[in-house]
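K.L.:
Quick one, protein-v8.txt (compact mmCIF, C-alpha atoms):
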# COMPACT_ATOMS: atom_id res chain seq x y z
CA MET A 1 22.62 -6.96 17.68
CA ASN A 2 21.25 -3.62 16.57
CA GLN A 3 17.64 -3.00 15.66
CA PRO A 4 17.03 -4.07 12.05
CA HIS A 5 16.63 -1.26 9.51
CA THR A 6 13.00 -1.26 8.43
CA LEU A 7 12.50 0.29 5.03
CA GLY A 8 9.34 2.09 3.94
CA ILE A 9 8.38 2.78 0.35
CA GLY A 10 11.08 4.66 -1.53
CA GLN A 11 13.76 4.13 1.10
CA MET A 12 17.07 2.31 0.81
CA ALA A 13 19.79 1.18 3.20
CA VAL A 14 23.28 -0.26 2.92
CA CYS A 15 25.01 -1.85 5.89
CA HIS A 16 27.64 -4.30 7.07
CA ALA A 17 27.27 -7.70 8.76
CA PRO A 18 25.65 -8.58 11.16
CA GLU A 19 22.93 -5.99 10.62
CA GLN A 20 19.52 -6.83 9.25
CA ILE A 21 17.37 -4.99 6.72
CA VAL A 22 13.64 -5.58 6.66
CA CYS A 23 10.91 -4.69 4.17
CA LEU A 24 7.42 -5.33 5.52
CA GLY A 25 4.36 -5.87 3.37
CA LEU A 26 5.73 -5.79 -0.16
CA GLY A 27 2.85 -5.89 -2.61
CA SER A 28 3.55 -4.60 -6.09
CA CYS A 29 6.66 -2.97 -4.62
CA VAL A 30 9.94 -4.78 -5.16
CA ALA A 31 12.79 -5.14 -2.69
CA ILE A 32 16.06 -5.11 -4.62
CA ILE A 33 18.55 -6.91 -2.40
CA LEU A 34 22.26 -6.71 -3.25
CA TYR A 35 24.98 -8.59 -1.42
CA ASP A 36 28.74 -8.72 -1.50
CA PRO A 37 29.48 -12.08 0.19
CA VAL A 38 33.20 -11.37 0.64
CA ALA A 39 33.01 -7.93 2.21
CA ARG A 40 29.69 -8.95 3.77
CA ILE A 41 27.98 -5.74 2.79
CA GLY A 42 24.29 -5.78 1.98
CA GLY A 43 21.92 -3.21 0.59
CA VAL A 44 18.19 -3.07 -0.04
CA ALA A 45 15.99 -0.66 -1.98
CA HIS A 46 12.22 -0.70 -1.60
CA VAL A 47 10.89 0.63 -4.92
CA LEU A 48 7.31 1.41 -5.85
CA LEU A 49 7.15 2.50 -9.48
CA PRO A 50 8.95 1.29 -12.60
CA LYS A 51 10.17 4.43 -14.38
CA SER A 52 11.31 7.73 -12.99
CA PRO A 53 10.11 10.95 -14.61
CA ILE A 54 12.72 13.33 -16.02
CA LYS A 55 12.49 15.54 -12.96
CA CYS A 56 12.95 12.97 -10.26
CA ASP A 57 12.12 13.84 -6.66
CA ASN A 58 13.20 10.65 -4.94
CA GLU A 59 15.44 8.21 -6.80
CA GLY A 60 14.67 5.43 -4.33
CA LYS A 61 11.02 5.37 -5.30
CA TYR A 62 11.61 4.15 -8.85
CA ALA A 63 12.88 0.80 -10.07
CA ASP A 64 15.26 2.25 -12.67
CA THR A 65 16.93 5.01 -10.66
CA GLY A 66 16.63 3.00 -7.43
CA THR A 67 18.61 0.06 -8.80
CA ARG A 68 21.40 2.29 -10.09
CA LYS A 69 21.57 4.33 -6.91
CA LEU A 70 21.69 1.21 -4.75
CA VAL A 71 24.60 -0.19 -6.75
CA LYS A 72 26.43 3.13 -6.39
CA GLU A 73 25.81 3.20 -2.65
CA MET A 74 27.08 -0.37 -2.30
CA LEU A 75 30.31 0.55 -4.09
CA ASN A 76 30.67 3.65 -1.90
CA HIS A 77 30.47 1.41 1.15
CA GLY A 78 33.31 -0.73 -0.14
CA ALA A 79 31.56 -3.52 -2.01
CA LYS A 80 33.11 -4.74 -5.29
CA LYS A 81 30.91 -4.76 -8.33
CA GLU A 82 32.18 -8.12 -9.65
CA ARG A 83 31.18 -9.81 -6.42
CA LEU A 84 27.68 -8.38 -6.17
CA VAL A 85 24.75 -10.75 -6.38
CA ALA A 86 21.09 -9.78 -6.41
CA LYS A 87 17.91 -11.20 -4.95
CA LEU A 88 14.49 -9.82 -5.82
CA VAL A 89 11.34 -10.05 -3.74
CA GLY A 90 7.85 -8.66 -4.36
CA GLY A 91 6.23 -7.47 -7.58
CA ALA A 92 2.88 -9.09 -6.89
CA GLN A 93 -0.39 -8.17 -8.51
CA MET A 94 -2.47 -7.37 -5.44
CA PHE A 95 -5.74 -6.51 -7.15
CA PRO A 96 -5.85 -8.71 -10.25
CA ASN A 97 -9.47 -7.83 -11.04
CA LEU A 98 -8.92 -4.12 -10.96
CA ASN A 99 -9.42 -2.70 -14.40
CA LEU A 100 -6.64 -0.14 -14.27
CA ALA A 101 -3.33 0.09 -16.06
CA ILE A 102 -1.59 0.41 -12.74
CA ALA A 103 -2.88 -2.95 -11.45
CA ASN A 104 0.02 -4.81 -13.03
CA ILE A 105 2.75 -2.44 -12.01
CA GLY A 106 4.51 -5.17 -10.02
CA ARG A 107 5.43 -7.00 -13.21
CA GLU A 108 6.73 -3.83 -14.82
CA ASN A 109 8.86 -3.14 -11.76
CA SER A 110 10.38 -6.62 -11.95
CA MET A 111 11.10 -6.38 -15.66
CA ILE A 112 12.88 -3.05 -15.40
CA ILE A 113 15.00 -4.16 -12.47
CA ARG A 114 16.02 -7.34 -14.30
CA SER A 115 17.05 -5.46 -17.40
CA ILE A 116 19.10 -2.91 -15.45
CA LEU A 117 20.85 -5.61 -13.46
CA ARG A 118 21.65 -7.41 -16.72
CA GLU A 119 23.07 -4.20 -18.15
CA LEU A 120 25.21 -3.70 -15.02
CA MET A 121 26.22 -7.40 -15.21
CA ILE A 122 24.98 -8.23 -11.73
CA ARG A 123 23.76 -11.78 -11.40
CA ILE A 124 20.30 -12.49 -9.96
CA VAL A 125 20.84 -15.56 -7.78
CA ALA A 126 17.31 -15.90 -6.44
CA GLU A 127 13.93 -14.29 -6.77
CA ASP A 128 10.45 -14.58 -5.39
CA LEU A 129 8.36 -12.39 -7.66
CA GLY A 130 4.82 -12.11 -8.97
CA GLY A 131 1.70 -13.93 -7.86
CA ASN A 132 -0.93 -12.05 -5.92
CA ARG A 133 0.29 -12.33 -2.37
CA GLY A 134 2.11 -9.77 -0.28
CA ARG A 135 5.52 -10.63 1.18
CA SER A 136 7.81 -9.46 3.95
CA ALA A 137 11.56 -9.82 3.38
CA TYR A 138 14.09 -10.14 6.23
CA PHE A 139 17.61 -9.81 4.88
CA ASN A 140 20.51 -10.90 7.03
CA THR A 141 23.80 -9.34 5.98
CA SER A 142 25.85 -11.96 7.88
CA ASP A 143 25.08 -14.76 5.44
CA GLY A 144 23.08 -13.08 2.67
CA HIS A 145 19.97 -15.14 3.40
CA VAL A 146 16.57 -13.61 2.86
CA ILE A 147 13.67 -14.96 4.88
CA ILE A 148 10.32 -14.41 3.21
CA LYS A 149 7.11 -14.39 5.18
CA THR A 150 3.64 -14.15 3.71
CA ALA A 151 0.22 -13.79 5.27
CA PHE A 152 -0.77 -17.44 5.09
CA GLU A 153 1.94 -19.50 3.40
CA PRO A 154 4.91 -21.18 5.06
CA VAL A 155 8.16 -19.25 5.51
CA LYS A 156 10.64 -19.43 2.63
CA VAL A 157 14.38 -18.80 2.57
CA LEU A 158 16.16 -17.43 -0.50
CA MET B 1 1.54 25.40 2.10
CA THR B 2 1.70 27.43 5.31
CA ASP B 3 0.82 25.71 8.56
CA GLU B 4 -2.28 27.78 9.04
CA LYS B 5 -3.53 27.03 5.57
CA ALA B 6 -2.71 23.35 5.93
CA GLY B 7 -4.72 23.28 9.15
CA LYS B 8 -7.75 24.73 7.35
CA VAL B 9 -7.41 22.25 4.51
CA LEU B 10 -7.36 19.37 6.95
CA GLU B 11 -10.49 20.68 8.68
CA VAL B 12 -12.46 20.89 5.46
CA ILE B 13 -11.33 17.48 4.28
CA LYS B 14 -12.21 15.98 7.63
CA GLU B 15 -15.75 17.26 7.36
CA PHE B 16 -15.95 15.90 3.83
CA ALA B 17 -14.80 12.45 4.91
CA ASN B 18 -17.06 12.41 7.97
CA ILE B 19 -20.13 12.79 5.80
CA GLY B 20 -18.99 10.08 3.39
CA ALA B 21 -18.06 7.65 6.12
CA GLY B 22 -21.28 8.32 8.00
CA SER B 23 -23.28 7.32 4.99
CA ALA B 24 -21.15 4.23 4.36
CA ALA B 25 -21.40 3.14 7.97
CA THR B 26 -25.18 3.33 7.76
CA ALA B 27 -25.12 0.98 4.80
CA LEU B 28 -22.73 -1.36 6.53
CA SER B 29 -24.70 -1.46 9.75
CA SER B 30 -27.90 -2.46 7.96
CA LEU B 31 -25.97 -5.17 6.12
CA MET B 32 -24.40 -6.43 9.31
CA ASP B 33 -27.38 -5.89 11.54
CA VAL B 34 -25.28 -4.18 14.17
CA GLU B 35 -25.11 -0.59 15.23
CA LEU B 36 -21.96 1.10 14.08
CA MET B 37 -20.44 4.26 15.38
CA ASN B 38 -18.11 6.45 13.43
CA GLU B 39 -15.16 7.77 15.27
CA VAL B 40 -13.69 11.11 14.43
CA THR B 41 -11.83 11.36 11.18
CA SER B 42 -8.15 11.90 11.38
CA CYS B 43 -6.24 13.33 8.55
CA SER B 44 -2.59 13.69 7.99
CA ILE B 45 -0.07 14.80 5.41
CA LEU B 46 2.59 12.12 5.28
CA PRO B 47 5.53 11.00 3.21
CA MET B 48 4.70 7.82 1.27
CA SER B 49 7.09 5.74 3.31
CA LYS B 50 5.20 6.46 6.53
CA VAL B 51 1.60 5.75 5.53
CA SER B 52 1.50 2.14 6.67
CA ASP B 53 3.18 3.03 9.97
CA TRP B 54 0.56 5.68 10.53
CA LEU B 55 -2.10 3.01 10.07
CA GLY B 56 -0.51 0.68 12.57
CA GLY B 57 2.25 -1.24 10.77
CA ALA B 58 2.80 -2.78 7.34
CA ASP B 59 2.74 -6.41 8.43
CA GLN B 60 -0.68 -6.65 10.06
CA ILE B 61 -3.14 -8.78 8.11
CA VAL B 62 -6.23 -7.00 6.85
CA ALA B 63 -9.02 -7.34 4.34
CA GLY B 64 -8.86 -4.42 1.94
CA THR B 65 -11.25 -3.36 -0.80
CA TYR B 66 -9.96 -0.73 -3.12
CA THR B 67 -11.40 1.40 -5.85
CA TYR B 68 -10.27 4.40 -7.77
CA LEU B 69 -12.28 7.39 -8.91
CA CYS B 70 -11.71 8.15 -12.53
CA GLY B 71 -14.08 11.02 -13.27
CA GLU B 72 -13.43 14.67 -12.60
CA LEU B 73 -12.35 13.81 -9.08
CA LYS B 74 -9.37 11.54 -8.78
CA SER B 75 -8.84 9.69 -5.57
CA GLY B 76 -8.17 6.23 -4.24
CA ILE B 77 -10.60 4.94 -1.66
CA LEU B 78 -10.08 1.93 0.53
CA ILE B 79 -12.09 0.16 3.14
CA VAL B 80 -9.92 -1.81 5.51
CA LEU B 81 -11.06 -4.41 8.03
CA PRO B 82 -8.73 -6.04 10.53
CA LYS B 83 -8.55 -9.83 10.30
CA LYS B 84 -11.03 -10.52 13.07
CA SER B 85 -13.65 -8.10 11.81
CA ALA B 86 -13.40 -9.49 8.29
CA VAL B 87 -14.15 -12.97 9.62
CA THR B 88 -17.10 -11.68 11.70
CA LEU B 89 -18.50 -9.90 8.68
CA LEU B 90 -18.13 -12.82 6.28
CA GLU B 91 -19.51 -15.36 8.73
CA HIS B 92 -22.49 -13.15 9.32
CA LEU B 93 -23.20 -12.80 5.62
CA THR B 94 -22.43 -16.28 4.34
CA LYS B 95 -23.48 -18.26 7.41
CA GLU B 96 -20.50 -20.58 7.08
CA LYS B 97 -17.08 -20.94 8.70
CA VAL B 98 -14.53 -18.62 7.18
CA ASP B 99 -10.82 -19.24 6.80
CA LEU B 100 -9.12 -16.10 5.53
CA ALA B 101 -6.19 -18.11 4.18
CA SER B 102 -8.42 -19.88 1.67
CA LEU B 103 -11.50 -17.87 0.92
CA THR B 104 -14.02 -19.50 -1.39
CA GLU B 105 -15.17 -17.68 -4.50
CA ILE B 106 -18.45 -16.75 -2.86
CA GLN B 107 -16.68 -15.35 0.20
CA LYS B 108 -14.32 -13.32 -1.94
CA SER B 109 -17.22 -12.01 -3.90
CA ALA B 110 -19.06 -11.10 -0.68
CA LEU B 111 -16.04 -9.18 0.53
CA LYS B 112 -15.86 -7.29 -2.74
CA GLU B 113 -19.55 -6.57 -2.72
CA ILE B 114 -19.50 -5.22 0.81
CA GLY B 115 -16.66 -2.95 -0.17
CA ASN B 116 -18.55 -1.91 -3.24
CA ILE B 117 -21.69 -1.02 -1.31
CA CYS B 118 -19.84 0.91 1.38
CA LEU B 119 -17.66 2.79 -1.07
CA CYS B 120 -20.65 3.73 -3.20
CA TRP B 121 -22.54 5.04 -0.20
CA TYR B 122 -19.51 7.04 0.76
CA LEU B 123 -19.32 8.50 -2.72
CA ILE B 124 -23.04 9.21 -3.06
CA ALA B 125 -22.99 11.26 0.12
CA VAL B 126 -19.95 13.31 -0.77
CA SER B 127 -20.84 13.79 -4.41
CA LYS B 128 -24.23 15.24 -3.38
CA MET B 129 -22.49 17.59 -1.05
CA ILE B 130 -20.13 19.08 -3.60
CA ASP B 131 -22.32 18.44 -6.62
CA ILE B 132 -19.81 16.53 -8.70
CA ASP B 133 -20.49 13.10 -10.15
CA MET B 134 -18.01 10.49 -9.13
CA ILE B 135 -17.19 7.51 -11.26
CA PRO B 136 -15.57 4.66 -9.36
CA ALA B 137 -13.82 1.79 -11.13
CA PRO B 138 -15.15 -1.65 -10.15
CA PRO B 139 -13.47 -2.48 -6.85
CA ASP B 140 -11.30 -5.42 -6.01
CA ALA B 141 -10.65 -7.01 -2.63
CA THR B 142 -7.82 -8.96 -1.08
CA VAL B 143 -6.80 -10.29 2.31
CA ASP B 144 -3.13 -9.63 2.91
CA MET B 145 -0.55 -7.57 4.74
CA LEU B 146 -1.50 -3.90 5.04
CA GLY B 147 1.66 -2.73 3.32
CA ALA B 148 0.90 -4.89 0.30
CA VAL B 149 -2.72 -3.73 0.18
CA LEU B 150 -1.55 -0.10 0.14
CA ASP B 151 0.97 -0.49 -2.68
CA ILE B 152 -1.41 0.01 -5.58
CA PRO B 153 -3.31 2.91 -3.97
CA LEU B 154 -0.02 4.65 -3.26
CA ALA B 155 1.48 3.81 -6.63
CA SER B 156 -1.36 5.56 -8.41
CA LEU B 157 -0.42 8.79 -6.62
CA ALA B 158 3.32 8.40 -6.43
CA GLN B 159 4.05 9.34 -10.03
CA LYS B 160 3.26 12.96 -9.17
CA VAL B 161 3.95 13.43 -5.48
CA ASP B 162 6.06 12.15 -2.65
CA THR B 163 3.75 13.10 0.20
CA VAL B 164 0.12 12.16 0.44
CA LEU B 165 -2.88 13.42 2.31
CA ALA B 166 -4.42 10.43 4.02
CA VAL B 167 -7.93 10.67 5.45
CA HIS B 168 -8.85 7.99 7.93
CA THR B 169 -12.30 7.40 9.44
CA CYS B 170 -12.65 4.57 11.85
CA PHE B 171 -15.94 2.78 12.64
CA LYS B 172 -16.77 0.50 15.55
CA GLY B 173 -19.64 -1.78 16.48
CA ILE B 174 -21.41 -0.75 19.67
CA ASP B 175 -21.66 -4.15 21.31
CA GLU B 176 -20.04 -6.58 18.95
CA GLU B 177 -16.33 -6.35 18.44
CA PHE B 178 -16.32 -5.07 14.95
CA GLU B 179 -14.20 -2.31 13.53
CA GLY B 180 -12.52 -1.02 10.46
CA TYR B 181 -11.74 2.17 8.63
CA PHE B 182 -12.11 4.10 5.42
CA LEU B 183 -9.05 5.59 3.86
CA MET B 184 -9.17 8.25 1.20
CA LEU B 185 -6.08 9.26 -0.77
CA PRO B 186 -7.03 12.20 -2.99
CA GLU B 187 -4.84 13.60 -5.73
CA GLU B 188 -3.76 17.18 -5.38
CA SER B 189 -6.03 18.49 -8.14
CA THR B 190 -8.96 16.75 -6.47
CA LEU B 191 -8.09 18.27 -3.16
CA LYS B 192 -8.23 21.72 -4.70
CA LEU B 193 -11.59 20.99 -6.26
CA ILE B 194 -13.04 19.72 -3.00
CA LEU B 195 -11.78 22.79 -1.16
CA GLU B 196 -13.26 25.12 -3.74
CA ARG B 197 -16.63 23.46 -3.60
CA MET B 198 -16.72 23.18 0.15
CA ALA B 199 -15.88 26.86 0.55
CA GLU B 200 -19.00 27.93 -1.36
CA PRO B 201 -21.87 28.98 0.85
In structure tokens, write the structure found in this file.

P.N.:
Amino acid sequence: MNQPHTLGIGQMAVCHAPEQIVCLGLGSCVAIILYDPVARIGGVAHVLLPKSPIKCDNEGKYADTGTRKLVKEMLNHGAKKERLVAKLVGGAQMFPNLNLAIANIGRENSMIIRSILRELMIRIVAEDLGGNRGRSAYFNTSDGHVIIKTAFEPVKVL
Amino acid sequence: MTDEKAGKVLEVIKEFANIGAGSAATALSSLMDVELMNEVTSCSILPMSKVSDWLGGADQIVAGTYTYLCGELKSGILIVLPKKSAVTLLEHLTKEKVDLASLTEIQKSALKEIGNICLCWYLIAVSKMIDIDMIPAPPDATVDMLGAVLDIPLASLAQKVDTVLAVHTCFKGIDEEFEGYFLMLPEESTLKLILERMAEP
């Protein structure tokens, strides 16, 4: 099998089974994971901020433009929109005692992604969001499973 | 920015960070009762997506204390300790066994306080140098994956830019195995201000 695609902040990838896409150390960032189980095409976007400014430098960095771009990319690769399902991972509040507006940006990210997916009529089948722990997501495009590892808690599968 | 100019900027910022980190390491070594050495500062202009790779990978577990400057100068500052060093530090201070997976309130508070002291010493030294008061927000600490620790510091810059200037100063204990680093992520306007002030005779 090929090396998994490891996504940094603001990056996205779409690929076919049996490739893997990995996002390491998601804090307030959210990994938007889309999957077409019939065509077995999967895509992930690793977004950092909720709303893009009007002049947007990198669509993949923002939850709103990132979600839309990822859906478009999935369709370009041959996925069908009616079959797409979504899984969301991340959106934690890493520094809950920090007295800054930005401290709760993880929640804002999650809310925006949910509302855009609802608007695009893409079903969210599983999510592991919030809390104040970082997560790593390992997405396998063969079966659509997402393995979630944290620093100290047991491994979870979505 | 031309390459030559970028090189000069990096030199000035390095000197700036060296002085801050030197002062913070002094504070930390008297707290810890070990001699600490600062290694040379390295400084790099990176795209956001590469910062955690530059620091050694997003999935390593670290103790991070973060604060943000909200006065005239705007910059995120972090002090990062690898897992083992965080345990050494906390055991030294609290005189009890430390399990990073379930820190007690007092241990968490100690971690925060150490970060607070170091960051303040860093800031006192650099603010004297350029004669600007710096106002840090109260810091917060967490033990988690590096990538997750960096999210908020990066998010506070990302609204404006896609590349960041990261300034990294590593410190090491002379005999005990103890290490960590300071990371400064200044905003562009702050960078300009620092450069202006540092250029004055």

K.L.:
Could you name the residues that touch B:Thr65 at 9 Å or less, counting all atoms listed in the file, but leaving out those on the same chain fewer than 5 positions away, as a list of chain:residue names?

P.N.:
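Using all atoms listed in the file, the neighbours found are A:Phe95, B:Ile77, B:Leu78, B:Ile79, B:Val80, B:Leu81, B:Leu111, B:Lys112, B:Ile114, B:Gly115, B:Asn116, B:Leu119, B:Pro139, B:Asp140, B:Ala141, B:Thr142, B:Val143, B:Val149.
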
K.L.:
Up to 6 Å from chain A, what residues of chain B turn up? Count all atoms listed in the file and give them as an MDAnalysis selection string.

P.N.:
chainID B and resid 49 58:59 101 140 144:145 147:148 151

K.L.:
Based on the selection just made, write C-alpha atoms of those residues as a PDB file, keeping the file's coordinate frame.

P.N.:
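Writing the result to out_13.pdb gives the following:
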ATOM      1  CA  SER B  49       7.090   5.740   3.310  1.00  0.00           C
ATOM      2  CA  ALA B  58       2.800  -2.780   7.340  1.00  0.00           C
ATOM      3  CA  ASP B  59       2.740  -6.410   8.430  1.00  0.00           C
ATOM      4  CA  ALA B 101      -6.190 -18.110   4.180  1.00  0.00           C
ATOM      5  CA  ASP B 140     -11.300  -5.420  -6.010  1.00  0.00           C
ATOM      6  CA  ASP B 144      -3.130  -9.630   2.910  1.00  0.00           C
ATOM      7  CA  MET B 145      -0.550  -7.570   4.740  1.00  0.00           C
ATOM      8  CA  GLY B 147       1.660  -2.730   3.320  1.00  0.00           C
ATOM      9  CA  ALA B 148       0.900  -4.890   0.300  1.00  0.00           C
ATOM     10  CA  ASP B 151       0.970  -0.490  -2.680  1.00  0.00           C
TER      11      ASP B 151
END

K.L.:
Atom CA of A:Leu34 and atom CA of A:Arg123 are how many Å apart?

P.N.:
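Computing it gives 9.7 Å between the two atoms.
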
K.L.:
At a cut-off of 8 Å, using only C-alpha atoms, what residues contact B:Ala158? Leave out same-chain residues fewer than 3 positions from it and give the result as a ChimeraX atom specification.

P.N.:
/A:49 /B:48,154-155,161-162

K.L.:
Deliver the residues from the most recent selection as a file, using C-alpha atoms, as a compact mmCIF listing (two decimals), in the coordinates of the input.

P.N.:
# COMPACT_ATOMS: atom_id res chain seq x y z
CA LEU A 49 7.15 2.50 -9.48
CA MET B 48 4.70 7.82 1.27
CA LEU B 154 -0.02 4.65 -3.26
CA ALA B 155 1.48 3.81 -6.63
CA VAL B 161 3.95 13.43 -5.48
CA ASP B 162 6.06 12.15 -2.65

K.L.:
For the atom pair atom CA of B:Lys192 and atom CA of B:Thr169, what is the interatomic distance in Å to one decimal place?

P.N.:
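These atoms are spaced 20.5 Å apart.
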
K.L.:
What is the distance between atom CA of B:Lys5 and atom CA of B:Leu195, in Å to one decimal?

P.N.:
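Result for atom CA of B:Lys5 versus atom CA of B:Leu195: 11.5 Å, one decimal.
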
K.L.:
Which one of A:Pro154, A:Gly60, A:Pro4, A:Pro37 sits closest to A:Val85 if you count only C-alpha atoms?

P.N.:
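Nearest to A:Val85: A:Pro37.
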
K.L.:
What are the centre and edge lengths in Å, to one decimal, of the axis-aligned box around all listed atoms of stretch 53-63 of chain A with 5 Å added on each side, as lines of an AutoDock Vina configuration file?

P.N.:
center_x = 12.8
center_y = 8.2
center_z = -10.2
size_x = 15.3
size_y = 24.7
size_z = 21.7

K.L.:
So which residues touch B:Leu73 within 10 Å, counting only C-alpha atoms, skipping near sequence neighbours fewer than 3 positions away, as a list in words?

P.N.:
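So the residues in contact are Tyr68, Leu69, Cys70, Gly76, Ser127, Ile132, Asp133, Met134, Ile135, Pro136, Pro186, Glu187, Glu188, Ser189, Thr190, Leu191, Lys192, Leu193 and Ile194 of chain B.
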
K.L.:
Enumerate, as a PDB file with C-alpha atoms, in the coordinates of the input, the protein, DNA and RNA residues whose atoms approach (-15.8, -14.3, 10.0) to within 12 Å, taking into account all atoms listed in the file and the coordinate frame of the file.

P.N.:
ATOM      1  CA  MET B  32     -24.400  -6.430   9.310  1.00  0.00           C
ATOM      2  CA  ALA B  63      -9.020  -7.340   4.340  1.00  0.00           C
ATOM      3  CA  LEU B  81     -11.060  -4.410   8.030  1.00  0.00           C
ATOM      4  CA  PRO B  82      -8.730  -6.040  10.530  1.00  0.00           C
ATOM      5  CA  LYS B  83      -8.550  -9.830  10.300  1.00  0.00           C
ATOM      6  CA  LYS B  84     -11.030 -10.520  13.070  1.00  0.00           C
ATOM      7  CA  SER B  85     -13.650  -8.100  11.810  1.00  0.00           C
ATOM      8  CA  ALA B  86     -13.400  -9.490   8.290  1.00  0.00           C
ATOM      9  CA  VAL B  87     -14.150 -12.970   9.620  1.00  0.00           C
ATOM     10  CA  THR B  88     -17.100 -11.680  11.700  1.00  0.00           C
ATOM     11  CA  LEU B  89     -18.500  -9.900   8.680  1.00  0.00           C
ATOM     12  CA  LEU B  90     -18.130 -12.820   6.280  1.00  0.00           C
ATOM     13  CA  GLU B  91     -19.510 -15.360   8.730  1.00  0.00           C
ATOM     14  CA  HIS B  92     -22.490 -13.150   9.320  1.00  0.00           C
ATOM     15  CA  LEU B  93     -23.200 -12.800   5.620  1.00  0.00           C
ATOM     16  CA  THR B  94     -22.430 -16.280   4.340  1.00  0.00           C
ATOM     17  CA  LYS B  95     -23.480 -18.260   7.410  1.00  0.00           C
ATOM     18  CA  GLU B  96     -20.500 -20.580   7.080  1.00  0.00           C
ATOM     19  CA  LYS B  97     -17.080 -20.940   8.700  1.00  0.00           C
ATOM     20  CA  VAL B  98     -14.530 -18.620   7.180  1.00  0.00           C
ATOM     21  CA  ASP B  99     -10.820 -19.240   6.800  1.00  0.00           C
ATOM     22  CA  LEU B 100      -9.120 -16.100   5.530  1.00  0.00           C
ATOM     23  CA  ALA B 101      -6.190 -18.110   4.180  1.00  0.00           C
ATOM     24  CA  LEU B 103     -11.500 -17.870   0.920  1.00  0.00           C
ATOM     25  CA  GLN B 107     -16.680 -15.350   0.200  1.00  0.00           C
ATOM     26  CA  ALA B 110     -19.060 -11.100  -0.680  1.00  0.00           C
ATOM     27  CA  LEU B 111     -16.040  -9.180   0.530  1.00  0.00           C
ATOM     28  CA  GLU B 177     -16.330  -6.350  18.440  1.00  0.00           C
ATOM     29  CA  PHE B 178     -16.320  -5.070  14.950  1.00  0.00           C
TER      30      PHE B 178
END

K.L.:
Need to verify the contact set: A:Ile21, 7 Å, all atoms listed in the file, exclusion of same-chain residues closer than 5 positions in sequence. Can you return it as JSON, numbers by chain?

P.N.:
{"A": [4, 5, 6, 138, 139, 140]}

K.L.:
Residues within 8 Å of stretch 68-78 of chain A, please, as a CSV table (one decimal) with C-alpha atoms, keeping the file's coordinate frame. Count all atoms listed in the file; anything in the same chain fewer than 3 positions from it doesn't count.

P.N.:
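Result went into around_7.csv, see below:
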chain,number,residue,atom,x,y,z
A,12,MET,CA,17.1,2.3,0.8
A,14,VAL,CA,23.3,-0.3,2.9
A,15,CYS,CA,25.0,-1.8,5.9
A,34,LEU,CA,22.3,-6.7,-3.2
A,39,ALA,CA,33.0,-7.9,2.2
A,41,ILE,CA,28.0,-5.7,2.8
A,42,GLY,CA,24.3,-5.8,2.0
A,43,GLY,CA,21.9,-3.2,0.6
A,44,VAL,CA,18.2,-3.1,0.0
A,45,ALA,CA,16.0,-0.7,-2.0
A,59,GLU,CA,15.4,8.2,-6.8
A,60,GLY,CA,14.7,5.4,-4.3
A,64,ASP,CA,15.3,2.2,-12.7
A,65,THR,CA,16.9,5.0,-10.7
A,81,LYS,CA,30.9,-4.8,-8.3
A,116,ILE,CA,19.1,-2.9,-15.4

K.L.:
May I have the protein, DNA and RNA residues with any atom at most 7 Å from the point (33.6, -8.0, -1.4), counting only C-alpha atoms, written as an NGL selection string?

P.N.:
:A and (36-40 or 79-80 or 83)

K.L.:
Pick the closest to A:Gly130 from A:Ile147, A:Ile112, A:Ile54, A:Val89: which is it, counting all atoms listed in the file?

P.N.:
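Selected residue with least distance to A:Gly130: A:Val89.
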